[in-house]
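*Asks:* My structure file entry-v8.txt, compact mmCIF, C-alpha atoms and all ligand atoms, is below:
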# COMPACT_ATOMS: atom_id res chain seq x y z
CA MET A 1 101.83 225.89 83.91
CA LEU A 2 103.38 225.19 80.49
CA VAL A 3 106.75 226.32 81.82
CA TRP A 4 106.40 223.90 84.69
CA LEU A 5 105.21 221.07 82.43
CA ALA A 6 108.17 221.64 80.14
CA GLY A 7 110.56 221.40 83.06
CA ARG A 8 111.93 224.87 82.45
CA SER A 9 111.73 225.70 86.15
CA GLY A 10 113.56 224.10 89.05
CA ARG A 11 117.18 223.14 89.47
CA LYS A 12 118.79 221.97 86.25
CA ALA A 13 119.78 218.62 87.77
CA HIS A 14 116.14 217.98 88.64
CA ARG A 15 114.63 219.05 85.36
CA SER A 16 112.56 216.65 83.36
CA PHE A 17 109.56 217.01 81.16
CA ARG A 18 106.98 217.12 83.90
CA VAL A 19 104.27 216.17 81.48
CA ARG A 20 105.67 212.66 81.98
CA GLN A 21 105.36 212.94 85.73
CA VAL A 22 101.76 214.10 85.36
CA VAL A 23 100.93 211.14 83.10
CA GLN A 24 102.79 208.73 85.41
CA GLY A 25 101.04 210.17 88.45
CA GLY A 26 97.67 209.81 86.72
CA PHE A 27 98.26 206.14 85.96
CA ALA A 28 99.60 205.53 89.49
CA LEU A 29 96.54 207.20 91.04
CA THR A 30 94.30 205.06 88.84
CA CYS A 31 96.10 201.95 90.13
CA VAL A 32 95.67 203.06 93.75
CA LEU A 33 91.93 203.62 93.18
CA LEU A 34 91.67 200.22 91.46
CA GLY A 35 93.47 198.65 94.43
CA VAL A 36 91.09 200.24 96.95
CA GLN A 37 88.05 199.16 94.97
CA PHE A 38 89.51 195.68 94.53
CA ALA A 39 90.06 195.30 98.30
CA ARG A 40 86.45 196.39 98.89
CA TRP A 41 85.18 193.91 96.32
CA VAL A 42 87.20 191.01 97.82
CA GLY A 43 86.01 191.96 101.31
CA SER A 44 82.37 191.82 100.17
CA ALA A 45 82.93 188.46 98.46
CA ARG A 46 84.50 187.06 101.61
CA ALA A 47 81.52 188.27 103.62
CA GLY A 48 79.10 186.87 101.02
CA ASP A 49 77.43 190.27 100.50
CA LEU A 50 75.53 189.74 97.26
CA PRO A 51 75.31 191.56 94.92
CA LEU A 52 79.00 192.43 95.01
CA PRO A 53 80.19 195.98 94.38
CA SER A 54 81.56 196.58 90.93
CA ARG A 55 84.76 194.59 90.25
CA PRO A 56 87.61 196.86 89.07
CA THR A 57 88.48 195.01 85.89
CA GLY A 58 91.57 197.15 85.26
CA ALA A 59 93.26 195.30 88.15
CA GLU A 60 93.83 192.53 85.60
CA GLY A 61 96.70 194.68 84.37
CA PHE A 62 98.66 193.05 87.19
CA LEU A 63 98.27 189.63 85.53
CA PRO A 64 100.66 190.05 82.58
CA ILE A 65 101.38 186.33 82.17
CA SER A 66 97.71 185.43 82.18
CA GLY A 67 97.34 188.23 79.64
CA LEU A 68 100.10 186.79 77.50
CA MET A 69 98.54 183.33 77.70
CA GLY A 70 95.24 184.89 76.68
CA ALA A 71 96.89 186.51 73.65
CA LEU A 72 98.33 183.18 72.49
CA ASP A 73 95.03 181.44 73.20
CA TRP A 74 93.26 184.15 71.15
CA ILE A 75 95.45 183.19 68.20
CA TYR A 76 94.78 179.47 68.74
CA GLN A 77 91.03 179.72 69.34
CA GLY A 78 90.11 182.75 67.27
CA SER A 79 88.24 184.31 70.21
CA LEU A 80 89.35 186.01 73.40
CA ASN A 81 89.07 184.01 76.64
CA VAL A 82 86.25 185.08 78.94
CA ILE A 83 88.15 184.71 82.24
CA HIS A 84 90.63 187.61 82.14
CA PRO A 85 90.06 189.34 78.78
CA ALA A 86 91.19 192.72 80.15
CA ALA A 87 94.58 191.23 81.11
CA THR A 88 95.12 190.32 77.47
CA VAL A 89 93.91 193.69 76.20
CA LEU A 90 96.30 195.50 78.58
CA VAL A 91 99.30 193.33 77.64
CA LEU A 92 98.59 193.92 73.96
CA LEU A 93 98.33 197.67 74.59
CA ALA A 94 101.72 197.64 76.36
CA ILE A 95 103.25 195.74 73.42
CA ALA A 96 101.64 198.16 70.95
CA LEU A 97 103.15 201.05 72.92
CA ALA A 98 106.57 199.35 72.81
CA LEU A 99 106.26 199.01 69.04
CA LEU A 100 105.36 202.69 68.78
CA LEU A 101 107.48 204.41 71.45
CA ARG A 102 109.93 201.81 72.74
CA LYS A 103 109.67 201.05 76.48
CA ALA A 104 107.50 204.12 77.13
CA PHE A 105 105.25 201.86 79.21
CA CYS A 106 108.02 201.71 81.84
CA SER A 107 108.58 205.46 82.14
CA TRP A 108 105.10 206.81 81.34
CA VAL A 109 102.61 204.19 82.57
CA CYS A 110 103.95 201.57 84.98
CA PRO A 111 103.21 202.38 88.66
CA ILE A 112 106.16 200.22 89.75
CA GLY A 113 108.46 202.26 87.51
CA TYR A 114 107.00 205.44 89.01
CA LEU A 115 107.51 204.19 92.57
CA SER A 116 111.03 203.15 91.65
CA GLU A 117 111.79 206.67 90.37
CA LEU A 118 110.38 208.23 93.53
CA LEU A 119 112.50 205.95 95.72
CA ALA A 120 115.63 206.80 93.72
CA ARG A 121 114.84 210.50 94.06
CA LEU A 122 114.49 209.98 97.81
CA GLY A 123 117.96 208.44 97.79
CA ARG A 124 119.42 211.41 95.89
CA THR A 125 117.81 213.80 98.35
CA ALA A 126 119.01 211.80 101.37
CA VAL A 127 122.58 210.97 100.36
CA GLY A 128 123.13 213.19 97.33
CA ARG A 129 123.36 210.41 94.75
CA ASN A 130 122.33 206.93 93.65
CA PHE A 131 124.94 204.21 93.60
CA ARG A 132 125.87 202.20 90.52
CA PRO A 133 127.05 198.60 90.84
CA TRP A 134 130.43 197.91 89.24
CA LYS A 135 130.26 197.14 85.54
CA TRP A 136 131.39 193.53 86.08
CA LEU A 137 128.36 193.07 88.34
CA ASP A 138 125.93 195.31 86.47
CA ILE A 139 126.13 193.45 83.16
CA PRO A 140 125.36 189.91 84.44
CA LEU A 141 122.69 191.28 86.79
CA ARG A 142 120.95 192.96 83.85
CA GLY A 143 120.81 189.54 82.23
CA VAL A 144 118.61 188.20 85.04
CA LYS A 145 115.48 189.93 83.77
CA TRP A 146 116.12 188.55 80.27
CA LEU A 147 116.49 185.02 81.65
CA LEU A 148 113.26 185.42 83.63
CA MET A 149 111.48 186.73 80.54
CA ILE A 150 112.76 183.83 78.41
CA PHE A 151 111.62 181.38 81.10
CA PHE A 152 108.09 182.82 81.34
CA VAL A 153 107.55 183.42 77.63
CA GLY A 154 109.16 180.07 76.78
CA SER A 155 106.87 178.28 79.26
CA VAL A 156 103.80 179.94 77.75
CA LEU A 157 104.89 179.16 74.18
CA ALA A 158 105.64 175.55 75.14
CA MET A 159 102.04 175.01 76.26
CA GLY A 160 99.91 173.32 73.68
CA ARG A 161 96.57 174.68 72.57
CA GLU A 162 94.57 172.35 74.85
CA GLU A 163 96.82 172.88 77.87
CA LEU A 164 96.63 176.63 77.48
CA SER A 165 92.89 176.61 77.21
CA ALA A 166 92.57 174.29 80.24
CA PHE A 167 94.82 176.56 82.28
CA LEU A 168 92.88 179.69 81.42
CA SER A 169 89.61 178.16 82.62
CA SER A 170 91.18 176.41 85.66
CA PRO A 171 89.96 177.34 89.16
CA TYR A 172 93.39 178.86 89.83
CA ASN A 173 93.23 181.25 86.89
CA ARG A 174 89.61 182.18 87.54
CA VAL A 175 90.70 183.77 90.82
CA ALA A 176 94.30 184.60 89.85
CA ASP A 177 93.65 188.32 90.48
CA VAL A 178 92.45 187.60 94.03
CA LYS A 179 95.37 185.25 94.67
CA MET A 180 97.72 187.97 93.43
CA GLY A 181 96.17 190.40 95.92
CA LEU A 182 96.47 187.85 98.74
CA PHE A 183 100.11 187.28 97.82
CA PHE A 184 100.83 190.89 98.80
CA THR A 185 98.52 191.10 101.82
CA ASP A 186 99.66 187.75 103.31
CA LEU A 187 103.40 188.15 102.82
CA GLY A 188 105.36 185.87 105.13
CA THR A 189 108.71 186.70 106.70
CA VAL A 190 110.65 185.78 103.57
CA GLY A 191 108.33 187.84 101.38
CA LEU A 192 108.59 190.84 103.70
CA VAL A 193 112.39 190.61 103.73
CA VAL A 194 112.52 190.39 99.92
CA MET A 195 110.15 193.37 99.60
CA GLY A 196 112.17 195.33 102.15
CA VAL A 197 115.41 194.65 100.30
CA LEU A 198 113.85 195.74 97.00
CA VAL A 199 112.37 198.94 98.45
CA VAL A 200 115.43 199.99 100.46
CA GLY A 201 117.74 198.89 97.63
CA SER A 202 115.77 201.04 95.15
CA VAL A 203 116.50 204.10 97.30
CA PHE A 204 120.22 203.63 96.77
CA ILE A 205 120.32 201.91 93.36
CA GLN A 206 118.10 203.57 90.79
CA GLY A 207 115.69 201.14 89.16
CA LEU A 208 116.85 198.08 91.11
CA TRP A 209 113.76 196.08 90.14
CA CYS A 210 113.30 197.47 86.63
CA ARG A 211 116.96 197.30 85.59
CA TYR A 212 117.76 193.85 86.88
CA LEU A 213 114.67 191.80 87.59
CA CYS A 214 111.52 192.83 85.72
CA PRO A 215 110.70 190.26 83.00
CA TYR A 216 107.81 192.40 81.72
CA GLY A 217 110.23 195.26 81.04
CA ALA A 218 112.55 192.83 79.23
CA LEU A 219 109.67 191.63 77.06
CA LEU A 220 108.74 195.21 76.15
CA GLY A 221 112.43 195.90 75.50
CA ALA A 222 112.49 193.02 73.01
CA PHE A 223 109.51 194.52 71.16
CA SER A 224 111.07 197.98 71.33
CA TRP A 225 113.78 196.87 68.91
CA ALA A 226 111.10 196.94 66.22
CA SER A 227 110.05 200.49 67.11
CA PRO A 228 110.84 203.33 64.71
CA ALA A 229 111.19 205.74 67.67
CA ARG A 230 114.66 206.54 68.92
CA ILE A 231 116.63 209.22 70.70
CA CYS A 232 118.82 210.96 68.10
CA ARG A 233 121.75 213.28 68.82
CA ASN A 234 122.88 215.88 66.35
CA PRO A 235 126.70 215.88 66.75
CA GLU A 236 126.96 219.29 65.06
CA ALA A 237 124.74 220.96 67.64
CA CYS A 238 125.99 218.97 70.64
CA VAL A 239 128.38 220.84 72.94
CA SER A 240 129.52 217.65 74.72
CA CYS A 241 128.37 218.82 78.13
CA GLY A 242 127.49 215.26 79.19
CA LEU A 243 124.28 216.30 80.95
CA CYS A 244 122.27 213.74 78.99
CA ASP A 245 124.49 210.92 80.25
CA LYS A 246 123.95 212.02 83.83
CA ALA A 247 120.17 212.34 83.38
CA CYS A 248 119.63 208.95 81.74
CA MET A 249 118.14 206.58 84.30
CA ALA A 250 119.00 203.67 82.03
CA ARG A 251 122.65 204.84 82.20
CA LEU A 252 123.01 204.91 78.42
CA PRO A 253 125.95 206.71 76.79
CA VAL A 254 123.73 209.29 75.07
CA ALA A 255 126.46 211.91 74.68
CA SER A 256 128.67 209.60 72.64
CA LYS A 257 126.06 207.98 70.37
CA ASP A 258 124.23 209.48 67.44
CA THR A 259 121.27 207.13 67.90
CA ILE A 260 120.11 205.20 70.94
CA LEU A 261 118.98 201.73 69.93
CA SER A 262 119.29 200.04 73.32
CA ALA A 263 116.40 197.93 74.61
CA GLU A 264 116.94 199.71 77.94
CA CYS A 265 115.81 203.13 76.59
CA THR A 266 112.38 203.97 78.03
CA SER A 267 111.66 207.10 75.97
CA CYS A 268 111.53 209.00 79.25
CA MET A 269 113.10 212.00 77.45
CA ASP A 270 114.94 213.09 80.60
CA CYS A 271 118.07 213.41 78.43
CA VAL A 272 116.21 215.75 76.08
CA ALA A 273 114.89 217.80 79.01
CA VAL A 274 118.37 218.56 80.38
CA CYS A 275 120.05 219.21 77.03
CA PRO A 276 121.00 222.90 76.84
CA ARG A 277 120.73 222.91 73.02
CA SER A 278 117.23 222.70 71.63
CA ASP A 279 118.51 221.22 68.37
CA ALA A 280 120.98 218.69 69.76
CA LEU A 281 118.82 215.90 71.13
CA GLY A 282 115.31 214.63 70.55
CA LEU A 283 113.03 211.64 70.33
CA HIS A 284 112.45 210.96 66.65
CA ILE A 285 110.13 208.79 64.62
CA GLY A 286 111.70 208.82 61.19
CA ARG A 287 112.46 212.45 60.50
CA ARG A 288 109.77 213.72 62.83
CA ARG A 289 110.74 214.96 66.24
CA VAL A 290 108.27 213.88 68.96
CA ALA A 291 107.45 216.58 71.50
CA PRO A 292 106.96 215.41 75.09
CA LEU A 293 103.35 216.60 75.04
CA ALA A 294 102.72 214.54 71.91
CA CYS A 295 104.38 211.56 73.57
CA GLY A 296 102.14 211.90 76.64
CA ALA A 297 99.07 212.35 74.44
CA ALA A 298 99.99 209.23 72.44
CA VAL A 299 100.46 207.15 75.60
CA MET A 300 97.19 208.26 77.16
CA GLY A 301 95.32 208.17 73.84
CA LEU A 302 96.43 204.60 73.16
CA PHE A 303 95.32 203.31 76.56
CA LEU A 304 92.08 205.27 76.53
CA ALA A 305 91.23 204.12 73.01
CA GLY A 306 92.16 200.52 73.92
CA TYR A 307 89.99 200.63 77.04
CA VAL A 308 86.97 202.19 75.33
CA GLY A 309 87.38 199.98 72.26
CA ALA A 310 87.58 196.82 74.39
CA ARG A 311 84.49 197.81 76.38
CA VAL A 312 82.48 198.60 73.27
CA ALA A 313 83.59 195.34 71.61
CA GLY A 314 82.72 193.31 74.73
CA LEU A 315 86.36 192.35 75.29
CA TRP A 316 86.78 193.87 78.75
CA GLU A 317 84.49 192.29 81.36
CA ASN A 318 84.69 188.59 82.17
CA THR A 319 81.73 186.24 82.47
CA ILE A 320 82.24 185.07 86.07
CA SER A 321 79.13 185.73 88.13
CA ASP A 322 79.07 187.33 91.58
CA ALA A 323 77.76 184.06 93.09
CA GLU A 324 80.66 182.11 91.58
CA TYR A 325 83.18 184.65 92.88
CA VAL A 326 81.72 184.47 96.39
CA GLU A 327 81.89 180.67 96.42
CA ARG A 328 85.43 180.58 95.05
CA ILE A 329 86.85 183.40 97.16
CA GLN A 330 85.43 181.90 100.34
CA ASN A 331 87.26 178.64 99.52
CA ILE A 332 90.34 180.17 97.96
CA ARG A 333 92.71 178.60 100.46
CA SER A 334 91.61 175.08 99.60
CA ASN A 335 93.76 172.79 97.43
CA GLU A 336 91.39 173.33 94.51
CA TYR A 337 92.97 176.75 93.98
CA GLY A 338 96.58 175.61 94.01
CA HIS A 339 98.64 176.41 90.95
CA PRO A 340 97.95 173.76 88.27
CA GLY A 341 101.72 173.44 87.76
CA MET A 342 102.06 172.29 91.36
CA GLU A 343 99.48 169.54 90.95
CA GLY A 344 101.12 167.63 88.17
CA PRO A 345 99.02 167.97 85.00
CA SER A 346 100.97 170.94 83.70
CA ALA A 347 104.19 171.10 85.59
CA SER A 348 105.70 173.65 83.22
CA THR A 349 102.85 176.11 83.66
CA PRO A 350 104.12 179.46 84.93
CA SER A 351 102.38 181.57 87.55
CA THR A 352 99.93 183.98 85.95
CA ARG A 353 101.24 186.91 87.92
S1 LIG B 1 118.36 207.67 76.45
FE1 LIG B 1 117.10 209.40 77.08
S2 LIG B 1 115.02 208.72 76.69
FE2 LIG B 1 116.29 206.88 76.68
S3 LIG B 1 116.19 206.14 78.82
FE3 LIG B 1 118.01 207.46 78.64
S4 LIG B 1 117.25 209.48 79.31
FE4 LIG B 1 115.45 208.25 78.83
S1 LIG B 2 123.02 217.20 76.83
FE1 LIG B 2 122.81 217.85 74.68
S2 LIG B 2 124.58 219.14 74.33
FE2 LIG B 2 125.02 218.03 76.21
S3 LIG B 2 126.16 216.19 75.54
FE3 LIG B 2 123.99 215.61 75.59
S4 LIG B 2 123.27 215.99 73.48
FE4 LIG B 2 125.21 217.10 73.71
Spit out the file's structure as C-alpha cells when you get a sec.
*Replies:*
Amino acid sequence: MLVWLAGRSGRKAHRSFRVRQVVQGGFALTCVLLGVQFARWVGSARAGDLPLPSRPTGAEGFLPISGLMGALDWIYQGSLNVIHPAATVLVLLAIALALLLRKAFCSWVCPIGYLSELLARLGRTAVGRNFRPWKWLDIPLRGVKWLLMIFFVGSVLAMGREELSAFLSSPYNRVADVKMGLFFTDLGTVGLVVMGVLVVGSVFIQGLWCRYLCPYGALLGAFSWASPARICRNPEACVSCGLCDKACMARLPVASKDTILSAECTSCMDCVAVCPRSDALGLHIGRRRVAPLACGAAVMGLFLAGYVGARVAGLWENTISDAEYVERIQNIRSNEYGHPGMEGPSASTPSTR
C-alpha cells in the first residue's frame, strides 16, 4: 500500500505520489455526494415537501465570489453574513492553503482540477500525448484568467459597504446556490457547446480550463506568491534527465531552475515523484522538506479543522428557513431573482458564482 501511495509502482511516465490522487479522489467524491444531496433537497423544495431534507451546506464551496464578498463584508461589518457563511469559510480556507502550500488547492482539493487531470490522462492514453499551444498563443491565453480574476475581484472591491451588504441579503444571493445548480441543469445550446468544447479540449490540452480561464486559480496563484513553500532543485544532485520538466502539468522549467516561484506551480509534486534522485528535488518550506504524506495531511487537516471550527463557532449554517427556501425556489424563475446587476441598482455587481 505504501509503495503504491508513494508511486513507486507503475510505469515511470505515469508515476506520481498517489497520496495526492487519494486526497483528490476523496474531495471529488465528497462533491459528488454533496451534489446528489443538493439535487434531492432542491427537488423537495420544488415539491413543497416540508420539512426539507438536510441542505448540504458544503455546496456553497461552488460560490467563490459570494464567499469573497462575504469575506470583505466580514471586515466591513465585523460579523459574518448569515446567507452563505460557508462560502466565505471555504474561500478563506483555500486562501489559507495558498499561503501555506501555494496553489495546492488546485492539485489536491479542486474537483474541477481532478476532472481536468483525468481528461488529460484520457487524452494521453488515446493519442499518446497532450498537445501544447504555441508559445505565442499560450502566453496571452494564460493572461485571460488573470484578467477575469482582476475583473471579479475589482468589482467586489469597488462595491461600497452598503452595496455589498444589500447584495448579500438580496433575493438573488439568497438562492445563488440553487441558481448555480440550475445553470448547469438548464444549459441551453450555447452552454452545451461551450461545455463540450471545454471537456473535449481538456482531453487534448492538459488543464485547458485551469491554465487559461479559471479566475479562482489565478486568485490563489496571487496569494501563493506570499507562500514560503517552493519546489527546490539541488543542482549538485541533479543529473539533468529532464523528467521533472515532462511531468510538470504547469509546464514549468523545473530542470533548469533552482527554485520554482511561479504562480502556476500547484505543489502537485509530480516532478518530485518522477525524479530519479531522492536528494535532487523536493517541496520545501524554509529548510524543511515536505513529504507528500505530510502535504496531504496538511491539506485534509486544514479543511477538516476549518469545517469543524466553523460548525462549532456557528459560522457554517445559514439562517434561511425551510419555508422561505420553498417559497423562493418555487418562484425562482420570476424577475425577483434576476441578478441585481441586471436590474440597475448595482450594475457593476459580479455574478456570485
Ligand atoms: S513544478 Fe512540480 S510541483 Fe510545481 S506544478 Fe510543476 S510538477 Fe507540480
Ligand atoms: S528529474 Fe530530478 S534529476 Fe532529473 S532533471 Fe529534474 S531534478 Fe534533475
*Asks:* Which of these, A:Phe152, A:Trp41, A:Trp74, A:Trp146, has the shortest distance to Cys214 in chain A once you count all atoms listed in the file?
*Replies:*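 Of the candidates, the smallest distance to Cys214 in chain A is held by A:Trp146.
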*Asks:* Can you measure CA of Thr319 in chain A to CA of Ser169 in chain A for me? One decimal in Å is fine.
*Replies:*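 According to the coordinates, CA of Thr319 in chain A and CA of Ser169 in chain A are separated by 11.3 Å.
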*Asks:* Could you please extract the residues within 7 Å of ligand LIG 1 (chain B), counting all atoms listed in the file, and hand them back as a ChimeraX atom specification?
*Replies:* /A:231,244,247-252,254,260,264-272
*Asks:* Those residues with C-alpha atoms, as an mmCIF file, in the frame of the given file please?
*Replies:*
data_model
loop_
_atom_site.group_PDB
_atom_site.id
_atom_site.type_symbol
_atom_site.label_atom_id
_atom_site.label_comp_id
_atom_site.auth_asym_id
_atom_site.auth_seq_id
_atom_site.Cartn_x
_atom_site.Cartn_y
_atom_site.Cartn_z
ATOM 1 C CA ILE A 231 116.630 209.220 70.700
ATOM 2 C CA CYS A 244 122.270 213.740 78.990
ATOM 3 C CA ALA A 247 120.170 212.340 83.380
ATOM 4 C CA CYS A 248 119.630 208.950 81.740
ATOM 5 C CA MET A 249 118.140 206.580 84.300
ATOM 6 C CA ALA A 250 119.000 203.670 82.030
ATOM 7 C CA ARG A 251 122.650 204.840 82.200
ATOM 8 C CA LEU A 252 123.010 204.910 78.420
ATOM 9 C CA VAL A 254 123.730 209.290 75.070
ATOM 10 C CA ILE A 260 120.110 205.200 70.940
ATOM 11 C CA GLU A 264 116.940 199.710 77.940
ATOM 12 C CA CYS A 265 115.810 203.130 76.590
ATOM 13 C CA THR A 266 112.380 203.970 78.030
ATOM 14 C CA SER A 267 111.660 207.100 75.970
ATOM 15 C CA CYS A 268 111.530 209.000 79.250
ATOM 16 C CA MET A 269 113.100 212.000 77.450
ATOM 17 C CA ASP A 270 114.940 213.090 80.600
ATOM 18 C CA CYS A 271 118.070 213.410 78.430
ATOM 19 C CA VAL A 272 116.210 215.750 76.080
#
*Asks:* Counting only C-alpha atoms and all ligand atoms, name the residues that have an atom within 12 Å of an atom of ligand LIG 2 (chain B); the answer should be given as an mmCIF file with C-alpha atoms, in the frame of the given file.
*Replies:*
data_model
loop_
_atom_site.group_PDB
_atom_site.id
_atom_site.type_symbol
_atom_site.label_atom_id
_atom_site.label_comp_id
_atom_site.auth_asym_id
_atom_site.auth_seq_id
_atom_site.Cartn_x
_atom_site.Cartn_y
_atom_site.Cartn_z
ATOM 1 C CA LYS A 12 118.790 221.970 86.250
ATOM 2 C CA ALA A 13 119.780 218.620 87.770
ATOM 3 C CA ILE A 231 116.630 209.220 70.700
ATOM 4 C CA CYS A 232 118.820 210.960 68.100
ATOM 5 C CA ARG A 233 121.750 213.280 68.820
ATOM 6 C CA ASN A 234 122.880 215.880 66.350
ATOM 7 C CA PRO A 235 126.700 215.880 66.750
ATOM 8 C CA GLU A 236 126.960 219.290 65.060
ATOM 9 C CA ALA A 237 124.740 220.960 67.640
ATOM 10 C CA CYS A 238 125.990 218.970 70.640
ATOM 11 C CA VAL A 239 128.380 220.840 72.940
ATOM 12 C CA SER A 240 129.520 217.650 74.720
ATOM 13 C CA CYS A 241 128.370 218.820 78.130
ATOM 14 C CA GLY A 242 127.490 215.260 79.190
ATOM 15 C CA LEU A 243 124.280 216.300 80.950
ATOM 16 C CA CYS A 244 122.270 213.740 78.990
ATOM 17 C CA ASP A 245 124.490 210.920 80.250
ATOM 18 C CA LYS A 246 123.950 212.020 83.830
ATOM 19 C CA ALA A 247 120.170 212.340 83.380
ATOM 20 C CA CYS A 248 119.630 208.950 81.740
ATOM 21 C CA LEU A 252 123.010 204.910 78.420
ATOM 22 C CA PRO A 253 125.950 206.710 76.790
ATOM 23 C CA VAL A 254 123.730 209.290 75.070
ATOM 24 C CA ALA A 255 126.460 211.910 74.680
ATOM 25 C CA SER A 256 128.670 209.600 72.640
ATOM 26 C CA LYS A 257 126.060 207.980 70.370
ATOM 27 C CA ASP A 258 124.230 209.480 67.440
ATOM 28 C CA THR A 259 121.270 207.130 67.900
ATOM 29 C CA ILE A 260 120.110 205.200 70.940
ATOM 30 C CA MET A 269 113.100 212.000 77.450
ATOM 31 C CA ASP A 270 114.940 213.090 80.600
ATOM 32 C CA CYS A 271 118.070 213.410 78.430
ATOM 33 C CA VAL A 272 116.210 215.750 76.080
ATOM 34 C CA ALA A 273 114.890 217.800 79.010
ATOM 35 C CA VAL A 274 118.370 218.560 80.380
ATOM 36 C CA CYS A 275 120.050 219.210 77.030
ATOM 37 C CA PRO A 276 121.000 222.900 76.840
ATOM 38 C CA ARG A 277 120.730 222.910 73.020
ATOM 39 C CA SER A 278 117.230 222.700 71.630
ATOM 40 C CA ASP A 279 118.510 221.220 68.370
ATOM 41 C CA ALA A 280 120.980 218.690 69.760
ATOM 42 C CA LEU A 281 118.820 215.900 71.130
ATOM 43 C CA GLY A 282 115.310 214.630 70.550
ATOM 44 C CA LEU A 283 113.030 211.640 70.330
#
*Asks:* If you count only C-alpha atoms, which residues fall within 8 Å of Gln206 in chain A, apart from same-chain ones fewer than 5 positions away, as a short mmCIF file (atom, residue, chain, number, x, y, z; two decimals) with C-alpha atoms, keeping the file's coordinate frame?
*Replies:*
data_model
loop_
_atom_site.label_atom_id
_atom_site.label_comp_id
_atom_site.auth_asym_id
_atom_site.auth_seq_id
_atom_site.Cartn_x
_atom_site.Cartn_y
_atom_site.Cartn_z
CA SER A 116 111.03 203.15 91.65
CA GLU A 117 111.79 206.67 90.37
CA LEU A 119 112.50 205.95 95.72
CA ALA A 120 115.63 206.80 93.72
CA ASN A 130 122.33 206.93 93.65
CA PHE A 131 124.94 204.21 93.60
CA ARG A 132 125.87 202.20 90.52
CA MET A 249 118.14 206.58 84.30
#
*Asks:* If I take CA of Leu115 in chain A and CA of Gly67 in chain A, how far is one from the other in Å, to one decimal?
*Replies:*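 Computed distance, CA of Leu115 in chain A to CA of Gly67 in chain A, equals 22.9 Å.
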*Asks:* Write out as a ChimeraX atom specification which residues come within 9 Å of range 181-189 of chain A when counting all atoms listed in the file, dropping same-chain ones fewer than 3 positions away.
*Replies:* /A:35,38-39,176-178,192-194
*Asks:* Emit the selected residues as an mmCIF file, keeping the file's coordinate frame, including C-alpha atoms.
*Replies:*
data_model
loop_
_atom_site.group_PDB
_atom_site.id
_atom_site.type_symbol
_atom_site.label_atom_id
_atom_site.label_comp_id
_atom_site.auth_asym_id
_atom_site.auth_seq_id
_atom_site.Cartn_x
_atom_site.Cartn_y
_atom_site.Cartn_z
ATOM 1 C CA GLY A 35 93.470 198.650 94.430
ATOM 2 C CA PHE A 38 89.510 195.680 94.530
ATOM 3 C CA ALA A 39 90.060 195.300 98.300
ATOM 4 C CA ALA A 176 94.300 184.600 89.850
ATOM 5 C CA ASP A 177 93.650 188.320 90.480
ATOM 6 C CA VAL A 178 92.450 187.600 94.030
ATOM 7 C CA LEU A 192 108.590 190.840 103.700
ATOM 8 C CA VAL A 193 112.390 190.610 103.730
ATOM 9 C CA VAL A 194 112.520 190.390 99.920
#
*Asks:* From the options A:Lys103, A:Ser66, A:Val36, A:Leu97, which residue's atoms come nearest to Val156 in chain A, counting only C-alpha atoms?
*Replies:* A:Ser66
*Asks:* Go through A:Cys106, A:Val197, A:Met69, A:Val144 and flag the residue nearest Val23 in chain A, using all atoms listed in the file for the distances.
*Replies:*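 Result for the nearest residue to Val23 in chain A: A:Cys106.
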*Asks:* So how far away is CA of Met149 in chain A from CA of Ile75 in chain A, in Å?
*Replies:* 20.5 Å
*Asks:* Name the residues in contact with Leu100 in chain A at a cut-off of 7 Å, using all atoms listed in the file, excluding same-chain residues fewer than 3 positions from it; report them as a list in words.
*Replies:*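 Here the qualifying residues turn out to be Ala96, Leu97, Ser227, Pro228 and Ala229 of chain A.
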*Asks:* May I ask which of the residues A:Val109, A:Ala59, A:Gly43, A:Val203 is the closest one to Gly128 in chain A, counting all atoms listed in the file?
*Replies:* A:Val203
*Asks:* For each of A:Gly221, A:Arg289, A:Phe27, A:Ala310, take the minimum atom-to-atom distance to Lys145 in chain A, counting all atoms listed in the file, then give the residue where this is smallest.
*Replies:*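 Of the candidates, the smallest distance to Lys145 in chain A is held by A:Gly221.
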*Asks:* Just so I have it separately, write range 36-45 of chain A from the block I sent, keeping N, CA and C atoms, as a PDB file, in the first residue's frame.
*Replies:*
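Saved as decode.pdb:
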ATOM      1  N   VAL A  36     -25.499  15.226  -5.126  1.00  0.00           N
ATOM      2  CA  VAL A  36     -26.683  14.348  -5.085  1.00  0.00           C
ATOM      3  C   VAL A  36     -27.650  14.830  -4.008  1.00  0.00           C
ATOM      4  N   GLN A  37     -27.106  15.134  -2.840  1.00  0.00           N
ATOM      5  CA  GLN A  37     -27.942  15.595  -1.731  1.00  0.00           C
ATOM      6  C   GLN A  37     -28.585  16.949  -2.060  1.00  0.00           C
ATOM      7  N   PHE A  38     -27.821  17.785  -2.757  1.00  0.00           N
ATOM      8  CA  PHE A  38     -28.327  19.111  -3.131  1.00  0.00           C
ATOM      9  C   PHE A  38     -29.509  18.965  -4.099  1.00  0.00           C
ATOM     10  N   ALA A  39     -29.358  18.060  -5.091  1.00  0.00           N
ATOM     11  CA  ALA A  39     -30.437  17.843  -6.069  1.00  0.00           C
ATOM     12  C   ALA A  39     -31.696  17.334  -5.350  1.00  0.00           C
ATOM     13  N   ARG A  40     -31.510  16.461  -4.378  1.00  0.00           N
ATOM     14  CA  ARG A  40     -32.634  15.921  -3.604  1.00  0.00           C
ATOM     15  C   ARG A  40     -33.332  17.038  -2.825  1.00  0.00           C
ATOM     16  N   TRP A  41     -32.514  17.892  -2.237  1.00  0.00           N
ATOM     17  CA  TRP A  41     -33.035  18.998  -1.424  1.00  0.00           C
ATOM     18  C   TRP A  41     -33.817  19.987  -2.301  1.00  0.00           C
ATOM     19  N   VAL A  42     -33.273  20.318  -3.477  1.00  0.00           N
ATOM     20  CA  VAL A  42     -33.971  21.240  -4.392  1.00  0.00           C
ATOM     21  C   VAL A  42     -35.279  20.604  -4.874  1.00  0.00           C
ATOM     22  N   GLY A  43     -35.222  19.300  -5.177  1.00  0.00           N
ATOM     23  CA  GLY A  43     -36.428  18.603  -5.634  1.00  0.00           C
ATOM     24  C   GLY A  43     -37.524  18.666  -4.573  1.00  0.00           C
ATOM     25  N   SER A  44     -37.163  18.475  -3.311  1.00  0.00           N
ATOM     26  CA  SER A  44     -38.155  18.532  -2.221  1.00  0.00           C
ATOM     27  C   SER A  44     -38.714  19.943  -2.085  1.00  0.00           C
ATOM     28  N   ALA A  45     -37.834  20.948  -2.231  1.00  0.00           N
ATOM     29  CA  ALA A  45     -38.296  22.339  -2.108  1.00  0.00           C
ATOM     30  C   ALA A  45     -39.258  22.672  -3.243  1.00  0.00           C
TER      31      ALA A  45
END
